[in-house]
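Novice: File name protein-v9.cif; file contents mmCIF, C-alpha atoms and all ligand atoms; full text below.
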data_upload
#
loop_
_atom_site.label_atom_id
_atom_site.label_comp_id
_atom_site.auth_asym_id
_atom_site.auth_seq_id
_atom_site.Cartn_x
_atom_site.Cartn_y
_atom_site.Cartn_z
CA MET J 1 113.03 106.58 -1.69
CA ASN J 2 113.26 109.73 0.41
CA LYS J 3 115.88 109.69 3.14
CA LEU J 4 115.18 113.14 4.54
CA VAL J 5 112.22 115.49 4.28
CA LEU J 6 112.31 119.01 5.72
CA ASN J 7 108.85 120.51 5.68
CA GLN J 8 108.17 124.22 6.28
CA LEU J 9 111.06 124.34 8.73
CA ALA J 10 111.65 127.58 10.61
CA LYS J 11 113.98 128.50 13.45
CA VAL J 12 113.95 131.53 15.72
CA PHE J 13 116.61 131.99 18.40
CA ASN J 14 115.53 133.97 21.45
CA ILE J 15 118.30 135.60 23.43
CA GLY J 16 116.95 137.72 26.27
CA ASN J 17 114.33 140.00 24.74
CA GLN J 18 115.90 139.78 21.28
CA SER J 19 114.98 137.24 18.66
CA VAL J 20 116.91 136.16 15.58
CA GLU J 21 114.98 134.56 12.76
CA ALA J 22 117.55 132.12 11.38
CA LEU J 23 115.49 129.94 9.03
CA GLN J 24 112.15 130.36 7.26
CA ASP J 25 110.04 128.11 5.01
CA ILE J 26 112.71 125.48 4.41
CA ASN J 27 111.44 122.67 2.22
CA LEU J 28 114.00 120.13 1.10
CA THR J 29 113.87 116.47 0.16
CA LEU J 30 116.94 114.26 0.00
CA ALA J 31 116.71 110.93 -1.83
CA SER J 32 118.58 107.88 -0.59
CA ASN J 33 122.22 107.97 -1.77
CA GLU J 34 121.94 111.59 -2.86
CA LEU J 35 124.77 114.06 -2.36
CA ALA J 36 123.10 117.41 -1.69
CA VAL J 37 125.07 120.59 -1.15
CA ILE J 38 123.94 123.84 0.45
CA VAL J 39 125.64 127.18 -0.25
CA GLY J 40 124.60 130.53 1.13
CA PRO J 41 125.93 133.83 2.46
CA SER J 42 127.58 133.91 5.86
CA GLY J 43 125.09 133.83 8.73
CA CYS J 44 122.14 132.65 6.61
CA GLY J 45 121.46 129.63 8.81
CA LYS J 46 123.33 126.79 7.07
CA SER J 47 124.82 125.35 10.27
CA THR J 48 121.51 125.79 12.05
CA LEU J 49 119.82 123.73 9.35
CA LEU J 50 122.46 120.99 9.61
CA ASN J 51 122.22 121.01 13.41
CA ILE J 52 118.46 120.49 13.21
CA VAL J 53 119.01 117.45 10.97
CA ALA J 54 121.71 116.24 13.38
CA GLY J 55 119.19 116.56 16.24
CA LEU J 56 121.39 119.08 18.05
CA GLU J 57 118.85 121.91 17.62
CA LYS J 58 115.06 121.85 17.51
CA SER J 59 113.15 123.73 14.83
CA THR J 60 110.67 126.34 16.02
CA THR J 61 108.03 125.19 13.54
CA GLY J 62 107.88 122.62 10.74
CA SER J 63 109.31 119.14 10.72
CA ALA J 64 112.49 117.23 9.93
CA VAL J 65 111.74 113.62 9.04
CA MET J 66 114.32 110.92 8.34
CA ASN J 67 113.21 107.51 7.07
CA GLY J 68 109.64 108.46 7.89
CA GLN J 69 110.44 109.26 11.55
CA GLU J 70 110.55 112.74 13.05
CA ILE J 71 114.09 113.65 14.17
CA CYS J 72 114.01 114.32 17.89
CA GLY J 73 117.66 114.06 18.92
CA PRO J 74 121.13 112.94 17.84
CA GLY J 75 121.60 109.36 16.69
CA SER J 76 124.26 107.04 15.26
CA ASP J 77 122.25 106.92 12.01
CA ARG J 78 123.78 110.36 11.29
CA GLY J 79 127.56 110.89 11.16
CA MET J 80 129.04 114.38 11.38
CA VAL J 81 132.22 115.92 10.00
CA PHE J 82 132.99 119.53 10.98
CA GLN J 83 135.47 122.13 9.77
CA SER J 84 137.37 122.10 13.05
CA TYR J 85 139.36 118.96 13.70
CA THR J 86 137.44 116.90 16.20
CA LEU J 87 139.75 113.92 16.71
CA PHE J 88 140.62 112.80 20.23
CA PRO J 89 144.27 113.92 20.52
CA TRP J 90 145.22 111.19 22.98
CA LEU J 91 143.95 108.37 20.74
CA SER J 92 145.77 106.94 17.72
CA VAL J 93 144.28 107.12 14.22
CA GLN J 94 142.94 103.58 14.56
CA GLU J 95 141.52 104.19 18.05
CA ASN J 96 139.81 107.34 16.80
CA VAL J 97 138.14 105.40 13.98
CA GLU J 98 137.15 102.58 16.36
CA PHE J 99 135.81 104.93 19.05
CA GLY J 100 132.08 104.83 18.18
CA LEU J 101 132.21 101.09 17.53
CA LYS J 102 133.77 100.48 20.95
CA ILE J 103 130.96 102.42 22.60
CA LYS J 104 128.44 100.29 20.69
CA GLY J 105 130.17 97.15 22.04
CA VAL J 106 131.47 95.87 18.70
CA PRO J 107 134.03 93.10 19.46
CA ASP J 108 137.78 93.88 19.13
CA ARG J 109 138.46 91.93 15.99
CA GLU J 110 135.45 93.21 14.09
CA ARG J 111 136.34 96.75 15.14
CA ARG J 112 139.84 96.36 13.80
CA GLU J 113 138.59 95.01 10.48
CA ILE J 114 136.08 97.85 10.05
CA ALA J 115 138.74 100.46 10.94
CA HIS J 116 141.18 98.90 8.47
CA HIS J 117 138.56 98.95 5.73
CA TYR J 118 137.79 102.65 6.18
CA LEU J 119 141.42 103.69 6.68
CA GLU J 120 142.19 101.94 3.41
CA LEU J 121 139.29 103.75 1.75
CA VAL J 122 140.61 107.18 2.78
CA GLY J 123 144.24 106.30 1.95
CA LEU J 124 145.57 106.12 5.51
CA ARG J 125 146.75 102.52 5.81
CA GLY J 126 150.13 102.60 7.55
CA PHE J 127 149.09 105.45 9.87
CA GLU J 128 147.02 103.33 12.29
CA LYS J 129 149.26 103.98 15.30
CA THR J 130 149.94 107.66 14.58
CA LEU J 131 148.61 110.31 16.95
CA PRO J 132 146.56 113.21 15.46
CA LYS J 133 149.26 115.79 16.33
CA ALA J 134 151.55 114.13 13.76
CA LEU J 135 148.98 114.45 10.95
CA SER J 136 148.41 117.25 8.44
CA GLY J 137 144.98 118.96 8.29
CA GLY J 138 143.96 116.91 5.26
CA MET J 139 144.97 113.66 6.98
CA LYS J 140 142.98 114.62 10.09
CA GLN J 141 139.89 115.13 7.97
CA ARG J 142 140.48 111.76 6.30
CA VAL J 143 140.43 110.20 9.77
CA ALA J 144 137.26 112.15 10.61
CA ILE J 145 135.57 110.82 7.45
CA ALA J 146 136.74 107.24 8.18
CA ARG J 147 135.50 107.56 11.78
CA ALA J 148 132.10 108.85 10.67
CA LEU J 149 131.71 106.08 8.04
CA ALA J 150 132.88 103.31 10.38
CA ASN J 151 129.62 103.74 12.33
CA LYS J 152 127.72 102.97 9.12
CA PRO J 153 125.56 106.08 9.28
CA GLU J 154 122.60 106.35 6.94
CA MET J 155 123.47 109.96 6.35
CA LEU J 156 126.68 111.96 6.56
CA LEU J 157 126.31 115.61 7.63
CA MET J 158 129.31 117.68 6.61
CA ASP J 159 129.69 121.30 7.78
CA GLU J 160 132.48 123.03 5.79
CA PRO J 161 134.68 119.94 6.30
CA PHE J 162 137.44 121.22 3.99
CA GLY J 163 137.16 124.89 4.97
CA ALA J 164 140.43 124.97 6.92
CA LEU J 165 142.53 123.28 4.23
CA ASP J 166 144.76 124.90 1.61
CA ALA J 167 143.45 124.99 -1.97
CA GLN J 168 145.41 121.98 -3.26
CA THR J 169 144.63 119.75 -0.29
CA ARG J 170 141.02 120.80 -0.56
CA LEU J 171 140.86 119.61 -4.18
CA VAL J 172 142.44 116.29 -3.23
CA MET J 173 139.88 115.88 -0.43
CA GLN J 174 136.98 116.72 -2.74
CA GLU J 175 138.11 113.97 -5.13
CA LEU J 176 138.60 111.62 -2.20
CA LEU J 177 135.08 112.30 -0.94
CA LEU J 178 133.67 111.69 -4.43
CA SER J 179 135.47 108.36 -4.71
CA VAL J 180 134.40 107.32 -1.18
CA TRP J 181 130.80 108.28 -1.95
CA GLU J 182 130.85 106.38 -5.29
CA LYS J 183 131.87 103.26 -3.33
CA GLU J 184 129.78 103.64 -0.16
CA ARG J 185 126.79 105.54 -1.54
CA THR J 186 125.96 107.09 1.81
CA THR J 187 123.45 109.94 1.62
CA ILE J 188 125.34 113.19 2.19
CA LEU J 189 124.21 116.69 3.17
CA PHE J 190 127.19 118.99 2.69
CA ILE J 191 127.59 122.68 3.53
CA THR J 192 130.18 124.92 1.94
CA HIS J 193 131.01 128.53 1.05
CA ASP J 194 132.99 127.36 -1.97
CA ILE J 195 130.98 127.45 -5.20
CA ASP J 196 133.41 125.23 -7.17
CA GLU J 197 133.32 122.64 -4.41
CA ALA J 198 129.51 122.77 -4.33
CA ILE J 199 129.10 122.22 -8.08
CA LEU J 200 131.82 119.56 -8.28
CA LEU J 201 130.19 117.45 -5.55
CA ALA J 202 126.45 117.97 -5.82
CA ASP J 203 123.60 116.01 -7.32
CA ASN J 204 121.40 118.87 -6.20
CA LEU J 205 122.71 122.26 -5.15
CA TYR J 206 120.60 124.44 -2.85
CA VAL J 207 121.34 128.17 -2.82
CA MET J 208 120.14 129.86 0.36
CA SER J 209 119.04 133.45 0.72
CA ARG J 210 120.33 135.90 3.30
CA ARG J 211 118.89 135.56 6.82
CA PRO J 212 116.23 134.44 7.53
CA GLY J 213 117.61 131.65 5.38
CA ARG J 214 115.23 130.33 2.75
CA ILE J 215 115.93 128.07 -0.22
CA ARG J 216 116.36 130.56 -3.05
CA ALA J 217 117.10 127.99 -5.75
CA LYS J 218 117.50 124.26 -6.24
CA ILE J 219 119.83 123.44 -9.11
CA LYS J 220 120.13 119.91 -10.44
CA ILE J 221 123.77 119.37 -11.37
CA ASP J 222 123.88 116.91 -14.23
CA ILE J 223 127.60 117.12 -14.98
CA PRO J 224 128.49 113.49 -15.77
CA ARG J 225 130.01 111.28 -13.08
CA PRO J 226 132.57 110.12 -12.17
CA ARG J 227 133.78 113.70 -11.67
CA ASP J 228 137.22 115.00 -10.84
CA HIS J 229 139.05 118.35 -10.95
CA ARG J 230 138.82 118.36 -14.77
CA SER J 231 135.03 118.55 -14.46
CA THR J 232 135.45 122.14 -13.24
CA LEU J 233 136.86 123.15 -16.65
CA SER J 234 133.76 122.38 -18.71
CA ALA J 235 131.46 125.01 -20.25
CA GLN J 236 128.55 123.39 -18.39
CA PHE J 237 130.37 123.97 -15.08
CA SER J 238 131.09 127.61 -15.93
CA THR J 239 127.47 128.33 -16.80
CA ILE J 240 126.22 126.93 -13.50
CA LYS J 241 128.97 128.76 -11.61
CA LYS J 242 128.01 132.09 -13.16
CA ASP J 243 124.36 131.66 -12.10
CA VAL J 244 125.25 130.64 -8.55
CA MET J 245 127.77 133.49 -8.22
CA GLU J 246 125.14 136.01 -9.29
CA MET J 247 122.66 134.75 -6.72
CA LEU J 248 125.22 134.63 -3.92
CA TRP J 249 126.54 138.06 -4.79
CA GLU J 250 123.03 139.52 -4.57
CA GLU J 251 122.32 137.78 -1.27
CA SER J 252 125.68 138.72 0.26
CA GLN J 253 125.24 142.38 -0.77
CA ALA J 254 121.79 142.46 0.81
CA ALA J 255 123.08 140.63 3.90
CA ALA J 256 125.83 143.24 4.31
CA MET J 257 123.16 145.99 4.30
CA GLN J 258 121.27 144.13 7.05
CA LYS J 259 124.18 144.39 9.49
N1 LIG G 1 122.69 129.14 19.49
C1 LIG G 1 122.37 130.32 18.94
N2 LIG G 1 121.84 131.30 19.67
C2 LIG G 1 121.49 132.47 19.12
N3 LIG G 1 121.66 132.77 17.80
C3 LIG G 1 122.20 131.83 17.02
C4 LIG G 1 122.60 130.56 17.55
N4 LIG G 1 123.11 129.81 16.52
C5 LIG G 1 123.05 130.60 15.42
N5 LIG G 1 122.50 131.79 15.72
C6 LIG G 1 122.24 132.90 14.78
O1 LIG G 1 121.49 132.38 13.70
C7 LIG G 1 121.94 132.91 12.46
C8 LIG G 1 122.40 131.78 11.54
O2 LIG G 1 123.60 131.22 12.06
P1 LIG G 1 124.35 129.99 11.39
O3 LIG G 1 125.58 129.71 12.17
O4 LIG G 1 123.39 128.87 11.22
O5 LIG G 1 124.71 130.57 9.95
P2 LIG G 1 125.72 130.02 8.84
O6 LIG G 1 125.04 130.24 7.53
O7 LIG G 1 126.12 128.63 9.17
O8 LIG G 1 126.94 131.02 9.03
P3 LIG G 1 128.47 130.88 8.52
O9 LIG G 1 128.41 130.62 7.06
O10 LIG G 1 129.05 132.23 8.82
O11 LIG G 1 129.08 129.77 9.30
C9 LIG G 1 123.05 133.90 12.80
O12 LIG G 1 122.49 135.20 12.87
C10 LIG G 1 123.52 133.44 14.17
O13 LIG G 1 124.01 134.52 14.92
#
Now, as a test, write the supplied structure out as structure tokens.
Specialist:
Amino acid sequence: MNKLVLNQLAKVFNIGNQSVEALQDINLTLASNELAVIVGPSGCGKSTLLNIVAGLEKSTTGSAVMNGQEICGPGSDRGMVFQSYTLFPWLSVQENVEFGLKIKGVPDRERREIAHHYLELVGLRGFEKTLPKALSGGMKQRVAIARALANKPEMLLMDEPFGALDAQTRLVMQELLLSVWEKERTTILFITHDIDEAILLADNLYVMSRRPGRIRAKIKIDIPRPRDHRSTLSAQFSTIKKDVMEMLWEESQAAAMQK
């Protein structure tokens, strides 16, 4: 069953008498439980695309349909995780995870149980009372993932969530996300600049062109699951990586000429 269908989506930003064509002819279908990853050169419209799915931006033409319904604003059926740490600094880890549930009116005890479940899932049991300032970047993103999942979203939208982390922590977080996704099977739309990360995670990998961003290629990644860091060492992985690198190199070169 299709969870998300983007049909002939285009976006033009108008600023004064200037217009920026950010997206053009975007067609993309995400099946239920799919983990789809988008890579593309800087400024090609990746965040714009994700924001349209989140309901934070409106497309200029075309449609974004989730579960058969046109997306016309933000909703708790979509959880977001961004690159920048978005935890409430004055709330403890547990309170951060419970935040959305409290707003929805979920009773205390049920909230606690849900928070415990997701903190366990992301390996943060024992840190319930800790404030965000005492956490490392990786731990903050674990909380952000637990908080997004606690609201039981039908789709998780992730915009460079590991972009601010060092290489080792990033790898740990990629494996964590894979194991969380294997258990929860939430549909995920994930944006990254990192080709290894994209191939390691994706069921389907979308390579975007330079701006106006179009889908240049859709690559089905059939590297066997469960995957972990060792999956990046296979010949199959290297072949896909070479193709994606070529495409991104071409697009980034052309994008640099545009500026
Ligand atoms: N609110 C806005 N108003 C005007 N222009 C915008 C707005 N948001 C994005 N743009 C422009 O749209 C284009 C696509 O931006 P976007 O942030 O979606 O790209 P991106 O692929 O996510 O970039 P990066 O990889 O560098 O984060 C850029 O030229 C950007 O300047």
Novice: Let me see if you get this right: every residue at most 6 Å from ligand LIG 1 (chain G), counting all atoms listed in the file, written as a PDB file with C-alpha atoms, keeping the file's coordinate frame.
Specialist:
ATOM      1  CA  PHE J  13     116.610 131.990  18.400  1.00  0.00           C
ATOM      2  CA  ALA J  22     117.550 132.120  11.380  1.00  0.00           C
ATOM      3  CA  SER J  42     127.580 133.910   5.860  1.00  0.00           C
ATOM      4  CA  GLY J  43     125.090 133.830   8.730  1.00  0.00           C
ATOM      5  CA  CYS J  44     122.140 132.650   6.610  1.00  0.00           C
ATOM      6  CA  GLY J  45     121.460 129.630   8.810  1.00  0.00           C
ATOM      7  CA  LYS J  46     123.330 126.790   7.070  1.00  0.00           C
ATOM      8  CA  SER J  47     124.820 125.350  10.270  1.00  0.00           C
ATOM      9  CA  THR J  48     121.510 125.790  12.050  1.00  0.00           C
TER      10      THR J  48
END
Novice: Contacts between stretch 82-91 of chain J and stretch 131-192 of chain J, please, where a residue of stretch 131-192 of chain J counts if it comes within 12 Å (with all atoms listed in the file); show its shortest atom pair and distance in Å to one decimal, rows by chain and ascending number, as a Markdown table.
Specialist:
| residue | atom | partner | partner_atom | distance |
| --- | --- | --- | --- | --- |
| J:Leu131 | CA | J:Leu91 | CA | 6.3 |
| J:Pro132 | CA | J:Pro89 | CA | 5.6 |
| J:Lys133 | CA | J:Pro89 | CA | 6.8 |
| J:Ala134 | CA | J:Pro89 | CA | 9.9 |
| J:Leu135 | CA | J:Pro89 | CA | 10.7 |
| J:Ser136 | CA | J:Tyr85 | CA | 10.6 |
| J:Gly137 | CA | J:Tyr85 | CA | 7.8 |
| J:Gly138 | CA | J:Tyr85 | CA | 9.8 |
| J:Met139 | CA | J:Tyr85 | CA | 10.2 |
| J:Lys140 | CA | J:Tyr85 | CA | 6.7 |
| J:Gln141 | CA | J:Tyr85 | CA | 6.9 |
| J:Arg142 | CA | J:Tyr85 | CA | 10.4 |
| J:Val143 | CA | J:Leu87 | CA | 7.9 |
| J:Ala144 | CA | J:Leu87 | CA | 6.8 |
| J:Ile145 | CA | J:Phe82 | CA | 9.7 |
| J:Ala146 | CA | J:Leu87 | CA | 11.2 |
| J:Arg147 | CA | J:Leu87 | CA | 9.1 |
| J:Ala148 | CA | J:Phe82 | CA | 10.7 |
| J:Leu156 | CA | J:Phe82 | CA | 10.8 |
| J:Leu157 | CA | J:Phe82 | CA | 8.4 |
| J:Met158 | CA | J:Phe82 | CA | 6.0 |
| J:Asp159 | CA | J:Phe82 | CA | 4.9 |
| J:Glu160 | CA | J:Gln83 | CA | 5.1 |
| J:Pro161 | CA | J:Gln83 | CA | 4.2 |
| J:Phe162 | CA | J:Gln83 | CA | 6.2 |
| J:Gly163 | CA | J:Gln83 | CA | 5.8 |
| J:Ala164 | CA | J:Gln83 | CA | 6.4 |
| J:Leu165 | CA | J:Gln83 | CA | 9.0 |
| J:Arg170 | CA | J:Gln83 | CA | 11.8 |
| J:Phe190 | CA | J:Phe82 | CA | 10.1 |
| J:Ile191 | CA | J:Phe82 | CA | 9.7 |
| J:Thr192 | CA | J:Gln83 | CA | 9.9 |
Novice: Produce a file of the selected residues containing C-alpha atoms, as a PDB file, keeping the file's coordinate frame.
Specialist:
ATOM      1  CA  LEU J 131     148.610 110.310  16.950  1.00  0.00           C
ATOM      2  CA  PRO J 132     146.560 113.210  15.460  1.00  0.00           C
ATOM      3  CA  LYS J 133     149.260 115.790  16.330  1.00  0.00           C
ATOM      4  CA  ALA J 134     151.550 114.130  13.760  1.00  0.00           C
ATOM      5  CA  LEU J 135     148.980 114.450  10.950  1.00  0.00           C
ATOM      6  CA  SER J 136     148.410 117.250   8.440  1.00  0.00           C
ATOM      7  CA  GLY J 137     144.980 118.960   8.290  1.00  0.00           C
ATOM      8  CA  GLY J 138     143.960 116.910   5.260  1.00  0.00           C
ATOM      9  CA  MET J 139     144.970 113.660   6.980  1.00  0.00           C
ATOM     10  CA  LYS J 140     142.980 114.620  10.090  1.00  0.00           C
ATOM     11  CA  GLN J 141     139.890 115.130   7.970  1.00  0.00           C
ATOM     12  CA  ARG J 142     140.480 111.760   6.300  1.00  0.00           C
ATOM     13  CA  VAL J 143     140.430 110.200   9.770  1.00  0.00           C
ATOM     14  CA  ALA J 144     137.260 112.150  10.610  1.00  0.00           C
ATOM     15  CA  ILE J 145     135.570 110.820   7.450  1.00  0.00           C
ATOM     16  CA  ALA J 146     136.740 107.240   8.180  1.00  0.00           C
ATOM     17  CA  ARG J 147     135.500 107.560  11.780  1.00  0.00           C
ATOM     18  CA  ALA J 148     132.100 108.850  10.670  1.00  0.00           C
ATOM     19  CA  LEU J 156     126.680 111.960   6.560  1.00  0.00           C
ATOM     20  CA  LEU J 157     126.310 115.610   7.630  1.00  0.00           C
ATOM     21  CA  MET J 158     129.310 117.680   6.610  1.00  0.00           C
ATOM     22  CA  ASP J 159     129.690 121.300   7.780  1.00  0.00           C
ATOM     23  CA  GLU J 160     132.480 123.030   5.790  1.00  0.00           C
ATOM     24  CA  PRO J 161     134.680 119.940   6.300  1.00  0.00           C
ATOM     25  CA  PHE J 162     137.440 121.220   3.990  1.00  0.00           C
ATOM     26  CA  GLY J 163     137.160 124.890   4.970  1.00  0.00           C
ATOM     27  CA  ALA J 164     140.430 124.970   6.920  1.00  0.00           C
ATOM     28  CA  LEU J 165     142.530 123.280   4.230  1.00  0.00           C
ATOM     29  CA  ARG J 170     141.020 120.800  -0.560  1.00  0.00           C
ATOM     30  CA  PHE J 190     127.190 118.990   2.690  1.00  0.00           C
ATOM     31  CA  ILE J 191     127.590 122.680   3.530  1.00  0.00           C
ATOM     32  CA  THR J 192     130.180 124.920   1.940  1.00  0.00           C
TER      33      THR J 192
END
Novice: Just how far from atom CA of J:Ile38 is atom CA of J:Tyr206, in Å to one decimal?
Specialist: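 Answer for the atom CA of J:Tyr206 to atom CA of J:Ile38 separation: 4.7 Å.
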Novice: What does the distance from atom CA of J:Thr29 to atom CA of J:His229 come to in Å, to one decimal?
Specialist: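 Separation between atom CA of J:Thr29 and atom CA of J:His229: 27.6 Å.
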Novice: List the neighbours of stretch 104-118 of chain J out to 8 Å using all atoms listed in the file; skip same-chain residues closer than 5 positions along the sequence, and give me the result as a ChimeraX atom specification.
Specialist: /J:94,97-98,125,146-147,149-150
Novice: Could you list, as a short mmCIF file (atom, residue, chain, number, x, y, z; two decimals) with C-alpha atoms, keeping the file's coordinate frame, every residue within 10 Å of J:Pro41, counting all atoms listed in the file and ignoring same-chain residues fewer than 5 positions away?
Specialist:
data_model
loop_
_atom_site.label_atom_id
_atom_site.label_comp_id
_atom_site.auth_asym_id
_atom_site.auth_seq_id
_atom_site.Cartn_x
_atom_site.Cartn_y
_atom_site.Cartn_z
CA LYS J 46 123.33 126.79 7.07
CA THR J 192 130.18 124.92 1.94
CA HIS J 193 131.01 128.53 1.05
CA VAL J 207 121.34 128.17 -2.82
CA MET J 208 120.14 129.86 0.36
CA SER J 209 119.04 133.45 0.72
CA ARG J 210 120.33 135.90 3.30
CA ARG J 211 118.89 135.56 6.82
CA GLY J 213 117.61 131.65 5.38
CA MET J 247 122.66 134.75 -6.72
CA LEU J 248 125.22 134.63 -3.92
CA TRP J 249 126.54 138.06 -4.79
CA GLU J 250 123.03 139.52 -4.57
CA GLU J 251 122.32 137.78 -1.27
CA SER J 252 125.68 138.72 0.26
CA GLN J 253 125.24 142.38 -0.77
CA ALA J 254 121.79 142.46 0.81
CA ALA J 255 123.08 140.63 3.90
CA ALA J 256 125.83 143.24 4.31
#
Novice: To test the calculation: enclose all listed atoms of stretch 5-19 of chain J in a box whose edges run along x, y and z, add 3 Å on each side, then state centre and edge lengths in Å to one decimal, as lines of an AutoDock Vina configuration file.
Specialist:
center_x = 113.2
center_y = 127.7
center_z = 15.3
size_x = 16.1
size_y = 30.5
size_z = 28.0
Novice: Find, counting all atoms listed in the file, the residue in J:Thr187, J:Asn33, J:Asn2, J:Asn51 that gets nearest to J:Met155.
Specialist: J:Thr187
Novice: Using all atoms listed in the file, which of J:Ile188, J:Leu176, J:Leu200, J:Val20 sits nearest J:Leu233?
Specialist: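 With all atoms listed in the file as the atom set, the closest residue is J:Leu200.
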Novice: For each of J:Lys102, J:Arg78, J:Lys218, J:Lys183, take the minimum atom-to-atom distance to J:Val53, counting all atoms listed in the file, then give the residue where this is smallest.
Specialist: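 Going through J:Lys102, J:Arg78, J:Lys218, J:Lys183 one by one, the smallest distance to J:Val53 is for J:Arg78.
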Novice: In Å to one decimal, how far is atom CA of J:Ser59 from atom CA of J:Asn17?
Specialist: 19.1 Å
Novice: Rank J:Val12, J:Ala36, J:Leu121, J:Val5 by their smallest atom-to-atom distance to J:Met66, using only C-alpha atoms, and report the top residue only.
Specialist: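 So, comparing all the options, the nearest one is J:Val5.
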Novice: If we draw a sphere of 8 Å around (110.9, 129.6, 11.8), which residues have at least one atom in it when counting only C-alpha atoms? Please report them as number ranges by chain.
Specialist: J: 9-12, 21-25, 59-62
Novice: For the selection you just gave me, I'd like the residues written to a file as a CSV table (one decimal), in the frame of the given file, keeping C-alpha atoms.
Specialist:
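That gives us out_36.csv:
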chain,number,residue,atom,x,y,z
J,9,LEU,CA,111.1,124.3,8.7
J,10,ALA,CA,111.6,127.6,10.6
J,11,LYS,CA,114.0,128.5,13.4
J,12,VAL,CA,114.0,131.5,15.7
J,21,GLU,CA,115.0,134.6,12.8
J,22,ALA,CA,117.6,132.1,11.4
J,23,LEU,CA,115.5,129.9,9.0
J,24,GLN,CA,112.2,130.4,7.3
J,25,ASP,CA,110.0,128.1,5.0
J,59,SER,CA,113.2,123.7,14.8
J,60,THR,CA,110.7,126.3,16.0
J,61,THR,CA,108.0,125.2,13.5
J,62,GLY,CA,107.9,122.6,10.7
Novice: Find, counting only C-alpha atoms, the residue in J:Ile15, J:Asp166, J:Ile195, J:Leu35 that gets nearest to J:Lys220.
Specialist: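 With only C-alpha atoms as the atom set, the closest residue is J:Leu35.
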Novice: Find the residue from J:Ser76, J:Ser32, J:Met1, J:Ile26 that sits nearest to J:Ile52; use only C-alpha atoms when measuring.
Specialist: J:Ile26
